[in-house]
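Structure data follow from entry30.txt (compact mmCIF, C-alpha atoms and all ligand atoms):
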```txt
# COMPACT_ATOMS: atom_id res chain seq x y z
CA MET L 1 0.00 0.00 0.00
CA GLU L 2 1.48 3.34 -0.99
CA ILE L 3 2.00 5.86 1.74
CA ALA L 4 4.38 8.52 0.47
CA THR L 5 6.23 9.78 -2.54
CA PHE L 6 9.60 11.51 -2.20
CA SER L 7 11.87 13.20 -4.63
CA VAL L 8 14.92 10.98 -5.20
CA SER L 9 17.25 13.90 -4.66
CA SER L 10 15.99 14.58 -1.16
CA ALA L 11 16.23 11.06 0.20
CA THR L 12 18.75 8.29 0.70
CA ILE L 13 17.96 4.64 1.17
CA ILE L 14 19.99 3.06 3.95
CA LYS L 15 20.22 -0.22 5.74
CA ASP L 16 20.60 -0.16 9.51
CA SER L 17 22.67 -2.56 11.58
CA LEU L 18 19.84 -5.11 11.53
CA SER L 19 19.73 -4.85 7.73
CA ARG L 20 16.39 -3.05 7.88
CA THR L 21 15.93 -0.71 4.97
CA SER L 22 15.18 2.89 5.77
CA LEU L 23 14.76 6.16 4.00
CA LEU L 24 16.64 9.19 5.29
CA SER L 25 16.39 12.80 4.38
CA THR L 26 19.71 13.60 2.64
CA LYS L 27 19.67 17.06 4.17
CA ASN L 28 19.69 16.25 7.87
CA ARG L 29 19.91 12.42 7.90
CA LYS L 30 16.67 12.33 9.91
CA PRO L 31 14.36 9.38 9.10
CA LEU L 32 11.52 10.36 6.79
CA LEU L 33 9.80 7.18 7.86
CA PRO L 34 10.22 4.85 10.82
CA LEU L 35 13.01 2.38 10.21
CA SER L 36 10.62 -0.49 9.98
CA LEU L 37 8.54 1.08 7.23
CA CYS L 38 9.62 1.44 3.60
CA LEU L 39 10.62 -1.95 2.40
CA THR L 40 9.14 -1.79 -1.05
CA LEU L 41 10.48 1.01 -3.20
CA LYS L 42 9.31 1.67 -6.72
CA ALA L 43 11.38 4.09 -8.81
CA SER L 44 9.60 6.10 -11.41
CA LYS L 45 11.32 9.00 -13.20
CA SER L 46 12.68 11.21 -10.44
CA THR L 47 10.45 10.05 -7.62
CA LEU L 48 10.44 7.13 -5.28
CA THR L 49 7.13 5.75 -4.15
CA VAL L 50 7.43 4.20 -0.73
CA ALA L 51 5.11 1.45 0.29
CA SER L 52 4.59 0.58 3.95
CA MET L 53 6.26 -2.49 5.27
CA SER L 54 3.71 -5.00 6.22
CA TYR L 55 3.68 -6.17 9.80
CA ASP L 56 2.24 -9.49 8.64
CA LYS L 57 4.70 -11.64 10.54
CA GLN L 58 4.17 -9.73 13.77
CA LEU L 59 0.40 -9.81 13.22
CA ALA L 60 0.36 -13.59 12.77
CA ALA L 61 2.43 -13.99 15.95
CA ALA L 62 0.19 -11.57 17.87
CA LYS L 63 -3.01 -13.36 16.80
CA ASN L 64 -1.53 -16.66 17.84
CA ALA L 65 -0.32 -15.30 21.17
CA ALA L 66 -3.65 -13.64 22.03
CA SER L 67 -5.67 -16.70 20.99
CA LEU L 68 -3.57 -19.02 23.14
CA ALA L 69 -3.75 -16.62 26.06
CA ALA L 70 -7.53 -16.55 25.59
CA ARG L 71 -7.57 -20.35 25.79
CA LEU L 72 -5.78 -20.16 29.14
CA CYS L 73 -8.21 -17.51 30.42
CA GLN L 74 -11.28 -19.49 29.33
CA LYS L 75 -10.02 -22.51 31.21
CA VAL L 76 -9.54 -20.48 34.39
CA GLN L 77 -12.86 -18.67 34.09
CA LYS L 78 -14.66 -22.01 33.92
CA VAL L 79 -13.29 -23.19 37.25
CA LEU L 80 -12.66 -19.90 38.92
CA LEU L 81 -11.75 -20.56 42.51
CA GLN L 82 -11.42 -17.96 45.20
CA ALA L 83 -7.81 -19.05 45.63
CA ASP L 84 -7.11 -17.97 42.06
CA VAL L 85 -7.70 -14.30 42.92
CA GLN L 86 -5.07 -12.10 44.55
CA SER L 87 -5.22 -8.45 45.48
CA LYS L 88 -2.44 -6.22 44.17
CA SER L 89 -1.02 -3.43 46.33
CA ASP L 90 -3.39 -0.98 44.57
CA LYS L 91 -6.31 -3.27 45.67
CA SER L 92 -7.23 -4.24 42.11
CA PRO L 93 -7.85 -7.95 41.59
CA VAL L 94 -5.43 -10.05 39.63
CA THR L 95 -5.92 -13.69 38.87
CA VAL L 96 -3.68 -16.57 37.89
CA ALA L 97 -5.12 -15.98 34.43
CA ASP L 98 -3.75 -12.40 34.25
CA TYR L 99 -0.25 -13.67 35.05
CA GLY L 100 -0.59 -16.81 32.93
CA SER L 101 -1.88 -14.86 29.94
CA GLN L 102 1.02 -12.40 30.20
CA ALA L 103 3.55 -15.26 30.35
CA VAL L 104 1.98 -17.06 27.36
CA VAL L 105 1.93 -13.93 25.19
CA SER L 106 5.52 -13.09 26.08
CA VAL L 107 6.76 -16.64 25.38
CA VAL L 108 4.85 -16.98 22.08
CA LEU L 109 6.01 -13.61 20.74
CA GLN L 110 9.62 -14.38 21.60
CA LYS L 111 9.44 -17.89 20.14
CA GLU L 112 7.87 -16.58 16.92
CA LEU L 113 9.86 -13.39 16.46
CA GLY L 114 13.12 -13.94 18.32
CA PHE L 115 14.49 -12.71 21.63
CA ALA L 116 16.74 -9.98 20.26
CA SER L 117 15.37 -6.47 20.81
CA PHE L 118 12.11 -7.82 22.29
CA SER L 119 10.39 -5.08 24.28
CA LEU L 120 7.07 -5.49 26.07
CA VAL L 121 5.07 -2.94 28.04
CA ALA L 122 2.60 -4.98 30.06
CA GLU L 123 0.39 -4.59 33.10
CA GLU L 124 1.56 -7.33 35.45
CA ASP L 125 4.89 -8.06 37.14
CA SER L 126 6.11 -10.96 39.24
CA GLY L 127 6.69 -8.99 42.47
CA ASP L 128 3.91 -10.68 44.49
CA LEU L 129 4.62 -14.11 43.01
CA ARG L 130 8.20 -14.03 44.26
CA LYS L 131 6.97 -13.65 47.88
CA LYS L 132 6.47 -16.69 50.11
CA GLU L 133 2.66 -16.25 50.00
CA GLY L 134 2.78 -16.32 46.20
CA LYS L 135 4.32 -19.80 45.92
CA GLU L 136 1.08 -21.74 45.44
CA THR L 137 -0.28 -19.21 42.95
CA LEU L 138 2.97 -19.41 41.01
CA ARG L 139 2.81 -23.20 40.92
CA ARG L 140 -0.69 -22.99 39.43
CA ILE L 141 0.42 -20.40 36.86
CA ILE L 142 3.37 -22.53 35.70
CA GLU L 143 1.03 -25.50 35.28
CA LEU L 144 -1.47 -23.44 33.27
CA VAL L 145 1.20 -21.91 31.03
CA ASN L 146 2.74 -25.30 30.24
CA GLU L 147 -0.65 -26.91 29.58
CA THR L 148 -1.64 -24.06 27.28
CA LEU L 149 1.60 -24.06 25.26
CA ALA L 150 1.49 -27.87 24.95
CA SER L 151 -2.16 -27.76 23.79
CA ASP L 152 -1.10 -25.79 20.72
CA GLY L 153 1.36 -28.38 19.51
CA THR L 154 3.39 -25.79 17.58
CA TYR L 155 5.99 -25.14 20.25
CA ASP L 156 8.60 -27.54 21.55
CA ASN L 157 7.42 -29.55 24.47
CA ALA L 158 10.21 -28.60 26.86
CA PRO L 159 8.32 -27.46 29.97
CA LEU L 160 8.95 -24.01 31.39
CA PHE L 161 10.23 -23.82 34.96
CA GLU L 162 9.68 -21.24 37.67
CA GLU L 163 12.40 -18.84 36.54
CA ASP L 164 11.29 -19.08 32.87
CA VAL L 165 7.72 -18.11 33.76
CA LEU L 166 8.78 -15.34 36.14
CA ALA L 167 11.15 -13.98 33.49
CA ALA L 168 8.41 -14.14 30.84
CA ILE L 169 6.07 -12.13 33.11
CA ASP L 170 8.82 -9.62 33.91
CA SER L 171 9.72 -9.09 30.26
CA GLY L 172 6.71 -6.73 30.42
CA ARG L 173 8.59 -4.09 32.39
CA SER L 174 9.60 -2.03 29.35
CA GLU L 175 8.88 1.69 29.52
CA GLY L 176 7.91 1.93 25.82
CA GLY L 177 8.48 5.40 24.40
CA PRO L 178 8.84 7.19 21.10
CA SER L 179 11.54 5.14 19.40
CA GLY L 180 11.87 1.54 18.30
CA GLN L 181 9.25 -1.18 18.51
CA HIS L 182 7.41 -2.10 21.71
CA TRP L 183 4.64 -4.61 22.26
CA VAL L 184 1.87 -3.35 24.56
CA LEU L 185 -0.12 -5.95 26.48
CA ASP L 186 -3.06 -6.09 28.81
CA PRO L 187 -3.13 -9.82 29.57
CA ILE L 188 -6.69 -9.55 30.87
CA ASP L 189 -8.39 -6.23 30.40
CA GLY L 190 -11.53 -6.11 32.51
CA THR L 191 -10.35 -8.41 35.31
CA LYS L 192 -13.48 -7.43 37.24
CA GLY L 193 -15.65 -8.56 34.30
CA PHE L 194 -13.63 -11.76 34.07
CA LEU L 195 -14.30 -12.49 37.75
CA ARG L 196 -18.04 -11.83 37.30
CA GLY L 197 -18.14 -14.14 34.26
CA ASP L 198 -18.75 -11.16 31.97
CA GLN L 199 -16.69 -9.48 29.24
CA TYR L 200 -12.91 -9.25 29.22
CA ALA L 201 -10.24 -9.01 26.55
CA ILE L 202 -6.66 -9.97 25.88
CA ALA L 203 -5.37 -6.76 24.31
CA LEU L 204 -2.10 -6.73 22.39
CA GLY L 205 -0.73 -3.82 20.38
CA LEU L 206 2.56 -2.99 18.71
CA LEU L 207 4.12 0.47 18.80
CA ASP L 208 6.61 1.49 16.13
CA GLU L 209 8.27 4.86 16.63
CA GLY L 210 5.54 5.83 19.10
CA LYS L 211 2.59 4.95 16.83
CA VAL L 212 0.29 1.95 17.21
CA VAL L 213 0.77 -0.17 14.08
CA LEU L 214 -0.93 -3.41 15.17
CA GLY L 215 -3.89 -4.10 17.42
CA VAL L 216 -5.28 -7.49 18.39
CA LEU L 217 -8.23 -7.98 20.75
CA ALA L 218 -9.30 -11.43 21.83
CA CYS L 219 -12.74 -11.22 23.44
CA PRO L 220 -13.66 -14.74 24.59
CA ASN L 221 -17.18 -13.87 25.84
CA LEU L 222 -18.25 -11.42 23.16
CA PRO L 223 -21.07 -12.76 20.93
CA LEU L 224 -20.13 -13.12 17.26
CA ALA L 225 -23.45 -11.49 16.38
CA SER L 226 -24.04 -7.80 17.02
CA LEU L 227 -24.82 -6.73 20.58
CA ALA L 228 -27.63 -4.68 19.04
CA SER L 229 -29.52 -7.94 18.34
CA HIS L 230 -28.20 -9.68 21.43
CA ASN L 231 -30.56 -11.90 23.41
CA PRO L 232 -29.10 -12.56 26.88
CA GLN L 233 -31.51 -15.49 27.29
CA ASP L 234 -30.07 -17.32 24.28
CA ASP L 235 -27.56 -19.78 25.69
CA GLN L 236 -26.88 -21.21 22.21
CA GLU L 237 -25.39 -17.89 21.14
CA LYS L 238 -21.89 -18.26 19.64
CA VAL L 239 -19.26 -16.28 21.53
CA GLY L 240 -15.53 -15.62 21.16
CA CYS L 241 -14.26 -12.90 18.82
CA LEU L 242 -10.79 -12.02 17.59
CA PHE L 243 -10.45 -8.47 16.22
CA TYR L 244 -7.25 -7.38 14.53
CA ALA L 245 -5.96 -4.36 12.69
CA GLN L 246 -2.75 -3.45 10.94
CA VAL L 247 -2.11 0.22 10.24
CA GLY L 248 -3.40 1.12 6.79
CA SER L 249 -5.09 -2.25 6.21
CA GLY L 250 -8.46 -2.04 7.95
CA THR L 251 -9.95 -4.06 10.79
CA TYR L 252 -11.02 -7.69 10.64
CA MET L 253 -12.95 -9.97 12.94
CA GLN L 254 -12.99 -13.74 13.09
CA SER L 255 -14.20 -16.22 15.64
CA LEU L 256 -11.63 -17.18 18.26
CA ASP L 257 -11.82 -20.75 17.05
CA GLY L 258 -10.76 -19.66 13.59
CA SER L 259 -13.52 -18.74 11.10
CA THR L 260 -12.80 -16.81 7.88
CA PRO L 261 -12.07 -13.18 8.83
CA ILE L 262 -14.55 -10.50 7.83
CA LYS L 263 -13.72 -6.84 7.37
CA VAL L 264 -15.60 -4.66 9.85
CA HIS L 265 -16.53 -1.00 9.87
CA VAL L 266 -17.89 1.43 12.42
CA THR L 267 -21.49 2.55 12.01
CA ASP L 268 -22.18 5.25 9.43
CA LEU L 269 -24.94 6.75 11.56
CA ASP L 270 -25.13 10.54 11.50
CA ASN L 271 -28.12 11.13 13.75
CA PRO L 272 -27.06 11.08 17.41
CA GLU L 273 -30.66 10.45 18.50
CA GLU L 274 -30.36 6.96 16.99
CA ALA L 275 -26.96 6.27 18.52
CA SER L 276 -26.34 3.95 21.40
CA PHE L 277 -23.33 4.37 23.65
CA PHE L 278 -20.94 2.15 25.56
CA GLU L 279 -19.35 2.83 28.90
CA SER L 280 -17.60 0.87 31.65
CA PHE L 281 -19.67 -1.52 33.68
CA GLU L 282 -17.74 -0.32 36.73
CA ALA L 283 -18.87 3.12 37.90
CA ALA L 284 -15.48 3.45 39.63
CA HIS L 285 -13.80 3.42 36.20
CA SER L 286 -15.90 6.06 34.49
CA LEU L 287 -18.35 8.76 35.57
CA HIS L 288 -21.74 7.42 34.58
CA ASP L 289 -23.56 10.66 35.46
CA LEU L 290 -21.31 12.67 33.12
CA SER L 291 -21.95 10.18 30.27
CA SER L 292 -25.68 10.44 30.77
CA LEU L 293 -25.49 14.25 30.68
CA ILE L 294 -23.55 14.08 27.39
CA ALA L 295 -25.99 11.55 25.96
CA LYS L 296 -28.91 13.77 26.96
CA LYS L 297 -27.35 16.79 25.24
CA LEU L 298 -26.88 14.72 22.09
CA GLY L 299 -30.48 13.50 22.20
CA VAL L 300 -29.43 9.84 22.53
CA ARG L 301 -32.57 7.85 23.36
CA ALA L 302 -31.15 4.39 24.09
CA PRO L 303 -29.92 3.55 27.59
CA PRO L 304 -26.15 3.08 28.04
CA VAL L 305 -24.66 -0.29 27.20
CA ARG L 306 -22.31 -1.10 30.07
CA ILE L 307 -19.64 -3.66 29.37
CA ASP L 308 -16.18 -4.34 30.69
CA SER L 309 -12.86 -4.08 28.90
CA GLN L 310 -11.73 -3.19 25.41
CA ALA L 311 -14.50 -5.46 24.11
CA LYS L 312 -16.19 -2.01 23.87
CA TYR L 313 -13.69 -0.97 21.17
CA GLY L 314 -14.23 -4.28 19.36
CA ALA L 315 -18.00 -3.98 19.46
CA LEU L 316 -17.81 -0.36 18.28
CA SER L 317 -15.50 -1.30 15.37
CA ARG L 318 -18.24 -3.52 13.92
CA GLY L 319 -21.00 -0.98 14.47
CA ASP L 320 -22.77 -2.56 17.47
CA GLY L 321 -22.93 0.89 19.03
CA ALA L 322 -21.90 4.36 17.89
CA ILE L 323 -20.19 6.02 20.86
CA TYR L 324 -17.86 5.02 23.71
CA LEU L 325 -17.45 7.46 26.62
CA ARG L 326 -14.81 7.06 29.31
CA PHE L 327 -14.40 9.65 32.06
CA PRO L 328 -12.23 8.38 34.91
CA HIS L 329 -12.49 9.96 38.35
CA LYS L 330 -10.10 12.81 39.08
CA GLY L 331 -6.48 11.81 39.54
CA TYR L 332 -6.65 8.52 37.64
CA ARG L 333 -3.97 8.10 34.96
CA GLU L 334 -4.84 5.91 31.99
CA LYS L 335 -2.28 3.26 30.97
CA ILE L 336 -1.35 2.61 27.35
CA TRP L 337 -2.26 -1.10 27.52
CA ASP L 338 -5.87 -0.20 28.34
CA HIS L 339 -6.28 1.51 24.95
CA ALA L 340 -3.50 0.77 22.41
CA ALA L 341 -5.01 -2.29 20.72
CA GLY L 342 -8.59 -1.02 20.98
CA TYR L 343 -7.62 2.35 19.55
CA LEU L 344 -6.21 0.81 16.35
CA VAL L 345 -9.08 -1.65 15.97
CA VAL L 346 -11.51 1.30 15.96
CA ALA L 347 -9.32 3.70 13.94
CA GLU L 348 -8.76 1.15 11.16
CA ALA L 349 -12.49 0.47 11.10
CA GLY L 350 -13.04 4.16 10.28
CA GLY L 351 -13.66 5.46 13.79
CA VAL L 352 -12.14 8.35 15.70
CA VAL L 353 -10.59 8.08 19.17
CA SER L 354 -9.60 11.22 21.04
CA ASP L 355 -9.40 12.77 24.47
CA ALA L 356 -12.26 14.95 25.67
CA ALA L 357 -10.73 18.01 23.99
CA GLY L 358 -10.46 16.26 20.62
CA ASN L 359 -6.70 15.60 20.81
CA PRO L 360 -5.46 12.31 19.39
CA LEU L 361 -4.11 9.83 21.95
CA ASP L 362 -0.31 9.84 22.25
CA PHE L 363 1.09 6.37 22.96
CA SER L 364 4.72 7.51 22.78
CA LYS L 365 5.06 8.90 26.31
CA GLY L 366 5.85 5.70 28.19
CA ARG L 367 3.47 3.54 30.23
CA TYR L 368 0.85 6.27 30.75
CA LEU L 369 -1.35 8.35 28.48
CA ASP L 370 -1.53 12.08 29.14
CA LEU L 371 -5.11 13.08 28.54
CA HIS L 372 -7.47 15.96 28.81
CA GLU L 373 -10.33 14.67 31.05
CA GLY L 374 -11.30 11.42 29.32
CA ILE L 375 -11.51 9.35 26.16
CA ILE L 376 -14.27 9.56 23.57
CA VAL L 377 -14.80 7.34 20.55
CA THR L 378 -17.24 7.53 17.66
CA ASN L 379 -17.42 7.78 13.86
CA GLN L 380 -16.30 10.80 11.80
CA LYS L 381 -19.83 12.09 11.26
CA LEU L 382 -20.85 12.14 14.92
CA MET L 383 -17.56 13.43 16.35
CA PRO L 384 -18.21 17.20 15.94
CA ALA L 385 -21.57 16.97 17.77
CA LEU L 386 -20.08 14.67 20.40
CA LEU L 387 -17.17 17.03 21.07
CA LYS L 388 -19.58 19.91 21.53
CA ALA L 389 -21.79 17.92 23.90
CA VAL L 390 -18.71 16.87 25.89
CA LYS L 391 -17.43 20.43 26.12
CA ASP L 392 -20.83 21.79 27.19
CA SER L 393 -21.29 19.03 29.75
CA LEU L 394 -17.84 19.52 31.26
CA ASN L 395 -18.47 23.28 31.52
CA GLU L 396 -21.87 22.68 33.13
CA LYS L 397 -20.35 20.24 35.62
CA ALA L 398 -17.52 22.66 36.46
CA SER L 399 -19.90 25.56 37.04
CA SER L 400 -22.14 23.49 39.30
CA LEU L 401 -19.23 22.69 41.67
N1 LIG L 501 -10.36 4.21 38.98
C1 LIG L 501 -10.22 3.86 37.71
N2 LIG L 501 -10.57 4.68 36.72
C2 LIG L 501 -10.46 4.33 35.43
N3 LIG L 501 -10.00 3.13 35.01
C3 LIG L 501 -9.63 2.27 35.97
C4 LIG L 501 -9.73 2.57 37.35
N4 LIG L 501 -9.30 1.51 38.04
C5 LIG L 501 -8.93 0.60 37.13
N5 LIG L 501 -9.12 1.05 35.89
C6 LIG L 501 -8.82 0.43 34.61
O1 LIG L 501 -10.00 0.06 33.94
C7 LIG L 501 -9.71 -1.10 33.24
C8 LIG L 501 -10.96 -1.83 32.87
O2 LIG L 501 -11.68 -1.01 32.03
P1 LIG L 501 -13.25 -1.12 31.88
O3 LIG L 501 -13.86 -0.31 32.96
O4 LIG L 501 -13.46 -0.55 30.53
O5 LIG L 501 -13.57 -2.56 31.99
C9 LIG L 501 -8.83 -1.87 34.17
O6 LIG L 501 -8.07 -2.77 33.44
P2 LIG L 501 -7.69 -4.18 34.09
O7 LIG L 501 -8.96 -4.93 34.29
O8 LIG L 501 -6.81 -4.70 33.02
O9 LIG L 501 -6.96 -3.89 35.37
C10 LIG L 501 -7.99 -0.80 34.83
O10 LIG L 501 -6.75 -0.59 34.19
MG MG L 502 -5.57 -4.71 36.38
MG MG L 503 -6.86 -3.11 31.57
MG MG L 504 -5.44 -6.18 33.00
```

Take the structure in the file and give it back as structure tokens.
Amino acid sequence: MEIATFSVSSATIIKDSLSRTSLLSTKNRKPLLPLSLCLTLKASKSTLTVASMSYDKQLAAAKNAASLAARLCQKVQKVLLQADVQSKSDKSPVTVADYGSQAVVSVVLQKELGFASFSLVAEEDSGDLRKKEGKETLRRIIELVNETLASDGTYDNAPLFEEDVLAAIDSGRSEGGPSGQHWVLDPIDGTKGFLRGDQYAIALGLLDEGKVVLGVLACPNLPLASLASHNPQDDQEKVGCLFYAQVGSGTYMQSLDGSTPIKVHVTDLDNPEEASFFESFEAAHSLHDLSSLIAKKLGVRAPPVRIDSQAKYGALSRGDGAIYLRFPHKGYREKIWDHAAGYLVVAEAGGVVSDAAGNPLDFSKGRYLDLHEGIIVTNQKLMPALLKAVKDSLNEKASSL
């Protein structure tokens, strides 16, 4: 896919130390494109047309990693025992599945893509598991990780030991940032939903030079059919969705057990009165009263659809709803793994993701996102009206304090 055309005289093609081709400005030797882009170059007269490198190999590895991690999570959710739930120092719950999923994703990515220059920004770390009280939990995690990897049959059968699993979990300590490639992982997004038996997601993104270039969302409990036609009483309903997006290539969805992928698109609705909106199930994660004020200003008639995790981004990318509103309580700092994969899944499906002031999200600043007030998501047509309703609502709320 073509992304840019440069004059030959103003650019030089180079290879870096890893033999990756790059295109530099001849003037100041600054990259015109991230090192990992520009593999296919077509010369025509005095111009070079640069086509984006595909991230196909990384995408295949990411889909595999997220699907296997989902298998581990499904197994745990089925037999969820109280002993499988720990409390982190910030009082949020974390289960053997969060740790196990993080270890599986880390191991699979490194097996598929190599250990050299592997960088992962992920939610969990092994701190609590290395304590005496964490021994039994760790034993269970090692068992789950080995069972899951063996169930795939692709990887060698050598079992992983304690230090291997702890190291795999701790490979997620990267700080990310604006240069190079970094994987971004939420091993279970929506742990509270997972514990309730509701929605959760394994969310895996790839940053290249500070931009999200891949997003994969495994949503084991999300119905394959639209939530708009969802019947909670139907226990025959097929669930388990895998959404994935590569920058410039659109968003696709397939079933987690491997159906043919279909291209998905956000709704093309332009009348906010007909829109429905998503928000967190947990009122502690997002101000429900502010969302309802915004919805009222927009004339939205439908009640909010409250679901956990980045399954909201997935559902929005296929048009199940039109708007996602997220307004954390004051002082909360959003983490990049809570949004990176979901952001790309929606953006490549034609949607817009911004902070409450309309600024694009910046994933290049390390483990946190710096935001104005909250995150809003919708399609291009509804965004201007949504931004206005958000601004008016925030002003109204501020003046009532
Ligand atoms: N007070 C708070 N405000 C906003 N988000 C919060 C929060 N406490 C936790 N979260 C984040 O909300 C995420 C879940 O989002 P949602 O509400 O959409 O389900 C959690 O992800 P984890 O479950 O991965 O910890 C966590 O990172
Ligand atoms: Mg958490
Ligand atoms: Mg999360
Ligand atoms: Mg999580």

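Of the listed residues L:Leu166, L:Leu120, L:Cys73, L:Ile262, the one whose atoms come nearest to Ala349 in chain L is L:Ile262, with distances taken using all atoms listed in the file.
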
Extract, using all atoms listed in the file, all DNA, RNA and protein residues at most 9 Å from Glu124 in chain L, discarding same-chain residues fewer than 2 positions from it, and format them as a ChimeraX atom specification.
-> /L:94,98-99,102,122,126-127,169-170,172-173,186-187

Show me which residues sit within 9 Å of ligand LIG 501 (chain L) when counting all atoms listed in the file, and put them as an NGL selection string.
-> :L and (92-94 or 98 or 123 or 186-194 or 199-202 or 279-287 or 306-312 or 326-335 or 337-338)

Can I get the selection written as a compact mmCIF listing (two decimals), in the coordinates of the input, with C-alpha atoms?
```txt
# COMPACT_ATOMS: atom_id res chain seq x y z
CA SER L 92 -7.23 -4.24 42.11
CA PRO L 93 -7.85 -7.95 41.59
CA VAL L 94 -5.43 -10.05 39.63
CA ASP L 98 -3.75 -12.40 34.25
CA GLU L 123 0.39 -4.59 33.10
CA ASP L 186 -3.06 -6.09 28.81
CA PRO L 187 -3.13 -9.82 29.57
CA ILE L 188 -6.69 -9.55 30.87
CA ASP L 189 -8.39 -6.23 30.40
CA GLY L 190 -11.53 -6.11 32.51
CA THR L 191 -10.35 -8.41 35.31
CA LYS L 192 -13.48 -7.43 37.24
CA GLY L 193 -15.65 -8.56 34.30
CA PHE L 194 -13.63 -11.76 34.07
CA GLN L 199 -16.69 -9.48 29.24
CA TYR L 200 -12.91 -9.25 29.22
CA ALA L 201 -10.24 -9.01 26.55
CA ILE L 202 -6.66 -9.97 25.88
CA GLU L 279 -19.35 2.83 28.90
CA SER L 280 -17.60 0.87 31.65
CA PHE L 281 -19.67 -1.52 33.68
CA GLU L 282 -17.74 -0.32 36.73
CA ALA L 283 -18.87 3.12 37.90
CA ALA L 284 -15.48 3.45 39.63
CA HIS L 285 -13.80 3.42 36.20
CA SER L 286 -15.90 6.06 34.49
CA LEU L 287 -18.35 8.76 35.57
CA ARG L 306 -22.31 -1.10 30.07
CA ILE L 307 -19.64 -3.66 29.37
CA ASP L 308 -16.18 -4.34 30.69
CA SER L 309 -12.86 -4.08 28.90
CA GLN L 310 -11.73 -3.19 25.41
CA ALA L 311 -14.50 -5.46 24.11
CA LYS L 312 -16.19 -2.01 23.87
CA ARG L 326 -14.81 7.06 29.31
CA PHE L 327 -14.40 9.65 32.06
CA PRO L 328 -12.23 8.38 34.91
CA HIS L 329 -12.49 9.96 38.35
CA LYS L 330 -10.10 12.81 39.08
CA GLY L 331 -6.48 11.81 39.54
CA TYR L 332 -6.65 8.52 37.64
CA ARG L 333 -3.97 8.10 34.96
CA GLU L 334 -4.84 5.91 31.99
CA LYS L 335 -2.28 3.26 30.97
CA TRP L 337 -2.26 -1.10 27.52
CA ASP L 338 -5.87 -0.20 28.34
```

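Among the candidates L:Cys219, L:Leu242, L:Glu136, L:Leu144, the residue lying nearest to Asn64 in chain L is L:Leu242 (atoms considered: all atoms listed in the file).
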
Of the listed residues L:Ser106, L:His182, L:Ser291, L:Ile336, that which approaches ligand MG 504 (chain L) most closely, counting all atoms listed in the file = L:Ile336

Need the neighbours of (-17.2, -20.2, 14.3): which residues are at most 12 Å away, counting all atoms listed in the file, as a PyMOL selection string?
-> chain L and resi 223-225+237-242+253-262

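One distance worth recording is that between CA of Val346 in chain L and CA of Lys211 in chain L, which is 14.6 Å.
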
Padded axis-aligned box of range 163-182 of chain L (5 Å per side), centre and edge lengths, Å, one decimal, as JSON:
```
{"center_x": 9.2, "center_y": -5.9, "center_z": 27.4, "size_x": 16.3, "size_y": 36.3, "size_z": 28.2}
```

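For the set L:Gly319, L:Tyr324, L:Lys388, L:Asp152, the residue with the smallest atom-to-atom gap to Lys297 in chain L is L:Lys388, counting only C-alpha atoms.
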
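Using all atoms listed in the file, the shortest contact distance between Asn379 in chain L and any of L:Val266, L:Leu113, L:Val247, L:Val145 is found at L:Val266.
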
Quick one: everything within 8 Å of range 358-365 of chain L, counting all atoms listed in the file, minus sequence neighbours fewer than 3 positions away in the same chain. Send it as a list in words.
-> Gly176, Gly177, Pro178, Ser179, Leu207, Glu209, Gly210, Lys211, Val212, Ile336, Ala340, Val353, Ser354, Asp355, Tyr368, Leu369, Asp370, Leu371 and Leu387 of chain L

Take the residues from that selection and write them out as a tab-separated table (two decimals), in the frame of the given file, keeping C-alpha atoms.
```tsv
chain	number	residue	atom	x	y	z
L	176	GLY	CA	7.91	1.93	25.82
L	177	GLY	CA	8.48	5.40	24.40
L	178	PRO	CA	8.84	7.19	21.10
L	179	SER	CA	11.54	5.14	19.40
L	207	LEU	CA	4.12	0.47	18.80
L	209	GLU	CA	8.27	4.86	16.63
L	210	GLY	CA	5.54	5.83	19.10
L	211	LYS	CA	2.59	4.95	16.83
L	212	VAL	CA	0.29	1.95	17.21
L	336	ILE	CA	-1.35	2.61	27.35
L	340	ALA	CA	-3.50	0.77	22.41
L	353	VAL	CA	-10.59	8.08	19.17
L	354	SER	CA	-9.60	11.22	21.04
L	355	ASP	CA	-9.40	12.77	24.47
L	368	TYR	CA	0.85	6.27	30.75
L	369	LEU	CA	-1.35	8.35	28.48
L	370	ASP	CA	-1.53	12.08	29.14
L	371	LEU	CA	-5.11	13.08	28.54
L	387	LEU	CA	-17.17	17.03	21.07
```

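Distance check against ligand MG 503 (chain L) using all atoms listed in the file: of L:His339, L:Lys391, L:His372, L:Arg367, the minimum falls on L:His339.
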
Near Gln380 in chain L, within 7 Å and counting only C-alpha atoms, which residues show up once chain neighbours fewer than 3 positions away are dropped, as number ranges by chain?
-> L: 351-352, 383

In Å, with one decimal, what is the gap from CA of Leu394 in chain L to CA of Leu316 in chain L?
-> 23.7 Å

Excluding Pro304 in chain L and any residue of its chain fewer than 2 positions from it, enumerate the residues within 8 Å of it, using all atoms listed in the file, and give them as a PyMOL selection string.
-> chain L and resi 276-279+292+302+306

May I ask for the distance between CA of Gln246 in chain L and CA of Val105 in chain L, given in Å to one decimal place?
-> 18.3 Å
